[in-house]
file query_27.txt (compact mmCIF, C-alpha atoms)
# COMPACT_ATOMS: atom_id res chain seq x y z
CA MET A 1 0.00 0.00 0.00
CA SER A 2 1.41 3.37 -1.03
CA SER A 3 1.79 6.29 1.37
CA ALA A 4 -1.03 8.14 -0.42
CA GLU A 5 -3.40 5.19 0.01
CA LYS A 6 -2.44 4.88 3.68
CA LYS A 7 -3.13 8.58 4.14
CA ILE A 8 -6.58 8.26 2.53
CA LYS A 9 -7.34 5.18 4.64
CA ASN A 10 -6.34 6.97 7.84
CA GLU A 11 -8.43 9.99 6.89
CA ASN A 12 -11.47 7.79 6.19
CA LEU A 13 -10.96 5.97 9.49
CA GLY A 14 -10.66 9.30 11.29
CA ASN A 15 -13.84 10.61 9.67
CA PHE A 16 -15.70 7.41 10.54
CA THR A 17 -14.55 7.61 14.17
CA THR A 18 -15.53 11.27 14.40
CA ASN A 19 -18.95 10.68 12.85
CA LEU A 20 -19.60 7.68 15.09
CA SER A 21 -18.58 9.65 18.18
CA ARG A 22 -20.83 12.57 17.26
CA PHE A 23 -23.72 10.23 16.42
CA SER A 24 -23.33 8.56 19.82
CA CYS A 25 -23.17 11.91 21.64
CA ASN A 26 -26.28 13.16 19.80
CA TYR A 27 -28.33 10.21 20.98
CA LEU A 28 -26.85 10.17 24.48
CA ALA A 29 -27.97 13.81 24.69
CA ARG A 30 -31.45 12.78 23.53
CA PHE A 31 -31.64 10.04 26.16
CA GLY A 32 -30.58 12.59 28.77
CA ILE A 33 -33.21 15.05 27.55
CA ALA A 34 -35.88 12.33 27.68
CA GLY A 35 -34.85 11.55 31.25
CA VAL A 36 -35.10 15.21 32.28
CA VAL A 37 -38.56 15.52 30.71
CA VAL A 38 -39.83 12.40 32.46
CA TYR A 39 -38.28 13.47 35.78
CA ALA A 40 -39.67 17.02 35.79
CA CYS A 41 -43.10 16.18 34.37
CA TRP A 42 -43.60 13.13 36.57
CA ILE A 43 -42.99 15.19 39.72
CA ALA A 44 -45.32 17.91 38.42
CA ILE A 45 -48.08 15.35 37.74
CA VAL A 46 -47.71 13.36 40.98
CA ASN A 47 -47.78 16.59 43.00
CA TYR A 48 -50.35 18.20 40.75
CA ASN A 49 -51.23 21.85 41.11
CA TYR A 50 -53.61 22.99 38.41
CA TRP A 51 -51.50 25.93 37.20
CA PHE A 52 -48.01 25.43 38.61
CA SER A 53 -47.74 21.89 37.26
CA TRP A 54 -48.61 23.17 33.80
CA HIS A 55 -45.88 25.80 34.09
CA ILE A 56 -43.35 23.00 34.67
CA ILE A 57 -44.73 20.71 31.95
CA LEU A 58 -45.05 23.39 29.25
CA CYS A 59 -41.67 25.04 29.88
CA THR A 60 -39.83 21.73 30.17
CA PHE A 61 -41.29 20.45 26.89
CA GLY A 62 -40.67 23.83 25.26
CA TYR A 63 -36.96 23.87 26.02
CA VAL A 64 -36.31 20.12 25.96
CA PRO A 65 -36.93 18.41 23.63
CA LEU A 66 -38.50 20.95 21.23
CA MET A 67 -35.93 23.77 21.30
CA ALA A 68 -33.11 21.23 21.45
CA GLU A 69 -34.36 19.43 18.33
CA SER A 70 -34.89 22.69 16.45
CA ILE A 71 -31.20 23.51 17.00
CA MET A 72 -29.84 20.02 16.28
CA LEU A 73 -31.84 19.90 13.04
CA PHE A 74 -29.07 21.77 11.21
CA ASN A 75 -26.22 19.50 12.34
CA ASN A 76 -24.58 17.79 9.36
CA ASP A 77 -24.48 14.47 11.20
CA GLU A 78 -28.20 14.30 11.96
CA LEU A 79 -29.53 11.20 10.20
CA TRP A 80 -33.19 12.18 10.17
CA SER A 81 -32.57 15.59 8.59
CA THR A 82 -29.72 14.91 6.14
CA GLN A 83 -32.16 14.11 3.31
CA MET A 84 -34.09 17.35 3.81
CA SER A 85 -33.50 20.41 1.66
CA ARG A 86 -32.33 23.63 3.29
CA THR A 87 -35.76 25.17 2.69
CA ALA A 88 -37.50 22.21 4.34
CA LYS A 89 -35.18 22.51 7.33
CA TYR A 90 -36.07 26.19 7.72
CA THR A 91 -39.77 25.29 7.60
CA VAL A 92 -39.49 22.51 10.20
CA HIS A 93 -37.20 24.64 12.38
CA GLY A 94 -39.66 27.54 12.29
CA ALA A 95 -42.64 25.32 13.10
CA VAL A 96 -40.89 23.61 16.04
CA VAL A 97 -39.58 26.91 17.43
CA SER A 98 -43.06 28.46 17.14
CA VAL A 99 -44.69 25.61 19.07
CA ALA A 100 -41.91 25.63 21.68
CA THR A 101 -42.12 29.41 22.12
CA MET A 102 -45.90 29.28 22.58
CA MET A 103 -45.54 26.56 25.22
CA ILE A 104 -42.87 28.52 27.10
CA LEU A 105 -44.87 31.73 26.82
CA VAL A 106 -48.05 30.13 28.20
CA GLY A 107 -46.05 28.42 30.95
CA ASP A 108 -44.47 31.72 31.98
CA ILE A 109 -47.79 33.58 31.86
CA LEU A 110 -49.26 31.01 34.25
CA VAL A 111 -46.53 31.49 36.84
CA PHE A 112 -46.54 35.28 36.56
CA ARG A 113 -50.33 35.33 36.74
CA TYR A 114 -50.84 33.12 39.78
CA LEU A 115 -47.74 33.61 41.91
CA GLU A 116 -47.46 36.58 44.24
CA PRO A 117 -46.75 39.62 42.00
CA GLY A 118 -43.04 40.06 41.38
CA TYR A 119 -42.05 36.97 43.39
CA HIS A 120 -40.78 35.09 40.35
CA LEU A 121 -38.33 37.89 39.55
CA TYR A 122 -36.63 37.50 42.93
CA THR A 123 -35.25 34.10 41.89
CA THR A 124 -32.38 33.33 39.52
CA HIS A 125 -34.65 30.77 37.86
CA GLY A 126 -37.33 33.36 37.17
CA ILE A 127 -34.98 36.09 35.95
CA ALA A 128 -33.13 33.68 33.64
CA GLY A 129 -36.44 32.33 32.32
CA LEU A 130 -37.71 35.83 31.48
CA ILE A 131 -34.43 36.79 29.76
CA SER A 132 -34.52 33.55 27.78
CA LEU A 133 -38.07 34.16 26.60
CA LEU A 134 -37.26 37.72 25.50
CA LEU A 135 -34.19 36.57 23.55
CA ILE A 136 -36.17 33.85 21.79
CA LEU A 137 -38.96 36.28 20.89
CA LEU A 138 -36.40 38.73 19.50
CA SER A 139 -34.86 35.99 17.34
CA ILE A 140 -38.13 35.17 15.58
CA PRO A 141 -38.31 38.24 13.24
CA ALA A 142 -34.76 37.53 12.04
CA GLY A 143 -35.77 33.92 11.45
CA LEU A 144 -38.71 35.02 9.32
CA VAL A 145 -36.42 37.24 7.24
CA ILE A 146 -34.14 34.25 6.61
CA LYS A 147 -37.08 32.04 5.66
CA TYR A 148 -38.56 34.59 3.24
CA HIS A 149 -35.34 36.29 2.12
CA ARG A 150 -36.09 35.75 -1.58
CA GLU A 151 -39.35 37.68 -1.31
CA LEU A 152 -37.83 40.35 0.95
CA ASN A 153 -34.47 40.68 -0.82
CA PRO A 154 -35.33 43.83 -2.83
CA ARG A 155 -36.34 45.58 0.42
CA LEU A 156 -33.47 44.38 2.59
CA SER A 157 -30.82 46.94 3.46
CA THR A 158 -28.84 44.41 5.52
CA LYS A 159 -26.90 41.47 4.12
CA LEU A 160 -28.49 38.08 4.77
CA ILE A 161 -25.41 36.75 6.55
CA TRP A 162 -25.77 39.49 9.18
CA VAL A 163 -29.39 38.53 9.71
CA LYS A 164 -28.39 34.86 10.06
CA ALA A 165 -25.71 35.78 12.61
CA VAL A 166 -28.16 37.88 14.66
CA HIS A 167 -30.76 35.10 14.58
CA ASN A 168 -28.14 32.54 15.58
CA VAL A 169 -26.82 34.67 18.45
CA LEU A 170 -30.27 35.48 19.86
CA GLY A 171 -31.65 31.97 19.43
CA THR A 172 -28.61 30.20 20.86
CA ALA A 173 -28.33 32.65 23.76
CA GLY A 174 -32.05 32.30 24.48
CA TYR A 175 -31.78 28.52 24.55
CA ALA A 176 -28.60 28.59 26.68
CA VAL A 177 -30.15 30.93 29.25
CA GLY A 178 -33.28 28.75 29.21
CA ILE A 179 -31.19 25.69 30.08
CA ILE A 180 -29.58 27.67 32.91
CA SER A 181 -33.05 28.62 34.15
CA LEU A 182 -34.10 24.96 34.03
CA THR A 183 -31.08 23.88 36.11
CA TYR A 184 -31.92 26.50 38.72
CA ALA A 185 -35.54 25.32 38.71
CA PHE A 186 -34.44 22.06 40.30
CA TYR A 187 -33.36 24.07 43.36
CA THR A 188 -36.44 26.22 43.80
CA ASN A 189 -38.46 25.70 47.00
CA TRP A 190 -41.10 23.62 45.22
CA PHE A 191 -38.64 21.11 43.74
CA VAL A 192 -36.59 20.93 46.94
CA TYR A 193 -39.74 20.08 48.88
CA TYR A 194 -40.80 17.20 46.60
CA THR A 195 -37.42 15.72 45.57
CA ASP A 196 -34.25 14.47 47.19
CA ARG A 197 -30.76 15.92 46.82
CA ALA A 198 -29.32 13.09 44.71
CA SER A 199 -32.06 13.22 42.07
CA ARG A 200 -31.73 17.00 41.78
CA LEU A 201 -27.98 16.76 41.30
CA VAL A 202 -28.34 14.12 38.57
CA ALA A 203 -31.04 16.20 36.85
CA LEU A 204 -28.82 19.29 36.96
CA ILE A 205 -25.77 17.50 35.52
CA VAL A 206 -27.73 15.73 32.76
CA THR A 207 -29.58 18.93 31.80
CA PHE A 208 -26.37 20.94 31.63
CA LEU A 209 -24.42 18.35 29.61
CA ALA A 210 -27.26 17.55 27.20
CA GLY A 211 -28.06 21.24 26.74
CA ALA A 212 -24.41 22.13 26.10
CA TRP A 213 -24.00 19.36 23.54
CA THR A 214 -27.12 20.28 21.58
CA MET A 215 -25.67 23.77 21.03
CA ASN A 216 -22.39 22.62 19.49
CA GLY A 217 -23.64 22.80 15.89
CA ALA A 218 -25.13 26.28 16.37
CA VAL A 219 -21.90 27.56 17.96
CA VAL A 220 -19.77 26.20 15.11
CA SER A 221 -22.18 27.72 12.59
CA LEU A 222 -21.99 31.08 14.35
CA TYR A 223 -18.19 30.93 14.32
CA HIS A 224 -18.16 30.39 10.55
CA GLN A 225 -20.71 33.17 10.04
CA ILE A 226 -18.59 35.66 12.00
CA ARG A 227 -15.44 34.60 10.11
CA SER A 228 -17.29 35.06 6.83
CA ILE A 229 -18.50 38.54 7.86
CA TYR A 230 -15.04 39.78 8.86
CA SER A 231 -13.28 38.22 5.88
CA ARG A 232 -15.28 40.32 3.43

call {"tool": "encode", "arguments": {"input": "query_27.txt", "output": "structure tokens"}}
result
Amino acid sequence: MSSAEKKIKNENLGNFTTNLSRFSCNYLARFGIAGVVVYACWIAIVNYNYWFSWHIILCTFGYVPLMAESIMLFNNDELWSTQMSRTAKYTVHGAVVSVATMMILVGDILVFRYLEPGYHLYTTHGIAGLISLLLILLSIPAGLVIKYHRELNPRLSTKLIWVKAVHNVLGTAGYAVGIISLTYAFYTNWFVYYTDRASRLVALIVTFLAGAWTMNGAVVSLYHQIRSIYSR
């Protein structure tokens, strides 16, 4: 075997190992997300409170798995989305984000409506949740511009790559702050009362790791967008 053939073989083996590792991490993250959803929603159902339980269920489902899947959709190593066109991905992404945002919005309205006025903003969980929601809402107009850029192109004064970067920054930041809010939720008075220390610690670690991994594709994409902007 020539040196060139050995080099190609090693490169192929390296690519296979990388792809297999990323595939495994993607689905380990999904298993972790599923565990978090079951954990949080089960506690909310068993200790049912007609409005507070729905806050937990709606916000948990909104962030994980819906927001997580909407971000992972654009990863190049995602098996279920590799056969989709870019336009189809934008459509699915927009639909999933819209549903997730509505769930989070309704969940937050419930807690702000029925808790003592202002109480939620005295907690790190509540402040982070509100910031996350605002960032996600701000990202939606930029997302619509990206989706309909062909129709809007004659009226756009800003280059599309700038719009994509803004949407990516706002959306990723909103999701990241939402994950932080979720980790703090496990240590609010309600969760502390109904759960034990070990389960909360496991939930926190799994949520943080799964949330961080799901953002890797968006962060890499943002890096390339910024490089592209400053190289012009």

call {"tool": "closest_residue", "arguments": {"input": "query_27.txt", "among": "A:Asn19, A:Thr195, A:Asn153, A:Thr172", "to": "A:Leu135", "atoms": "all atoms listed in the file"}}
result
A:Thr172

call {"tool": "residues_around", "arguments": {"input": "query_27.txt", "residues": "A:Asn216", "least_positions_apart": "5", "cutoff": "12 Å", "atoms": "only C-alpha atoms", "output": "compact mmCIF listing (two decimals) with C-alpha atoms, keeping the file's coordinate frame"}}
result
# COMPACT_ATOMS: atom_id res chain seq x y z
CA ARG A 22 -20.83 12.57 17.26
CA CYS A 25 -23.17 11.91 21.64
CA ASN A 26 -26.28 13.16 19.80
CA ALA A 29 -27.97 13.81 24.69
CA ALA A 68 -33.11 21.23 21.45
CA ILE A 71 -31.20 23.51 17.00
CA MET A 72 -29.84 20.02 16.28
CA LEU A 73 -31.84 19.90 13.04
CA PHE A 74 -29.07 21.77 11.21
CA ASN A 75 -26.22 19.50 12.34
CA ASN A 76 -24.58 17.79 9.36
CA ASP A 77 -24.48 14.47 11.20
CA THR A 172 -28.61 30.20 20.86
CA ALA A 176 -28.60 28.59 26.68
CA LEU A 209 -24.42 18.35 29.61
CA ALA A 210 -27.26 17.55 27.20
CA GLY A 211 -28.06 21.24 26.74
CA SER A 221 -22.18 27.72 12.59
CA LEU A 222 -21.99 31.08 14.35
CA TYR A 223 -18.19 30.93 14.32

call {"tool": "closest_residue", "arguments": {"input": "query_27.txt", "among": "A:Gly171, A:Gly217, A:Gly94, A:Gly107", "to": "A:Ser132", "atoms": "only C-alpha atoms"}}
result
A:Gly171

call {"tool": "closest_residue", "arguments": {"input": "query_27.txt", "among": "A:Tyr63, A:Trp51, A:Trp162, A:Phe31", "to": "A:Ala142", "atoms": "only C-alpha atoms"}}
result
A:Trp162

call {"tool": "atom_distance", "arguments": {"input": "query_27.txt", "atom1": "atom CA of A:Val92", "atom2": "atom CA of A:Glu69"}}
result
10.1 Å

call {"tool": "closest_residue", "arguments": {"input": "query_27.txt", "among": "A:Asn189, A:Thr17, A:Thr183, A:Asn168", "to": "A:Ile205", "atoms": "only C-alpha atoms"}}
result
A:Thr183

call {"tool": "closest_residue", "arguments": {"input": "query_27.txt", "among": "A:Trp213, A:Phe208, A:Tyr50, A:Tyr230", "to": "A:Ile180", "atoms": "all atoms listed in the file"}}
result
A:Phe208
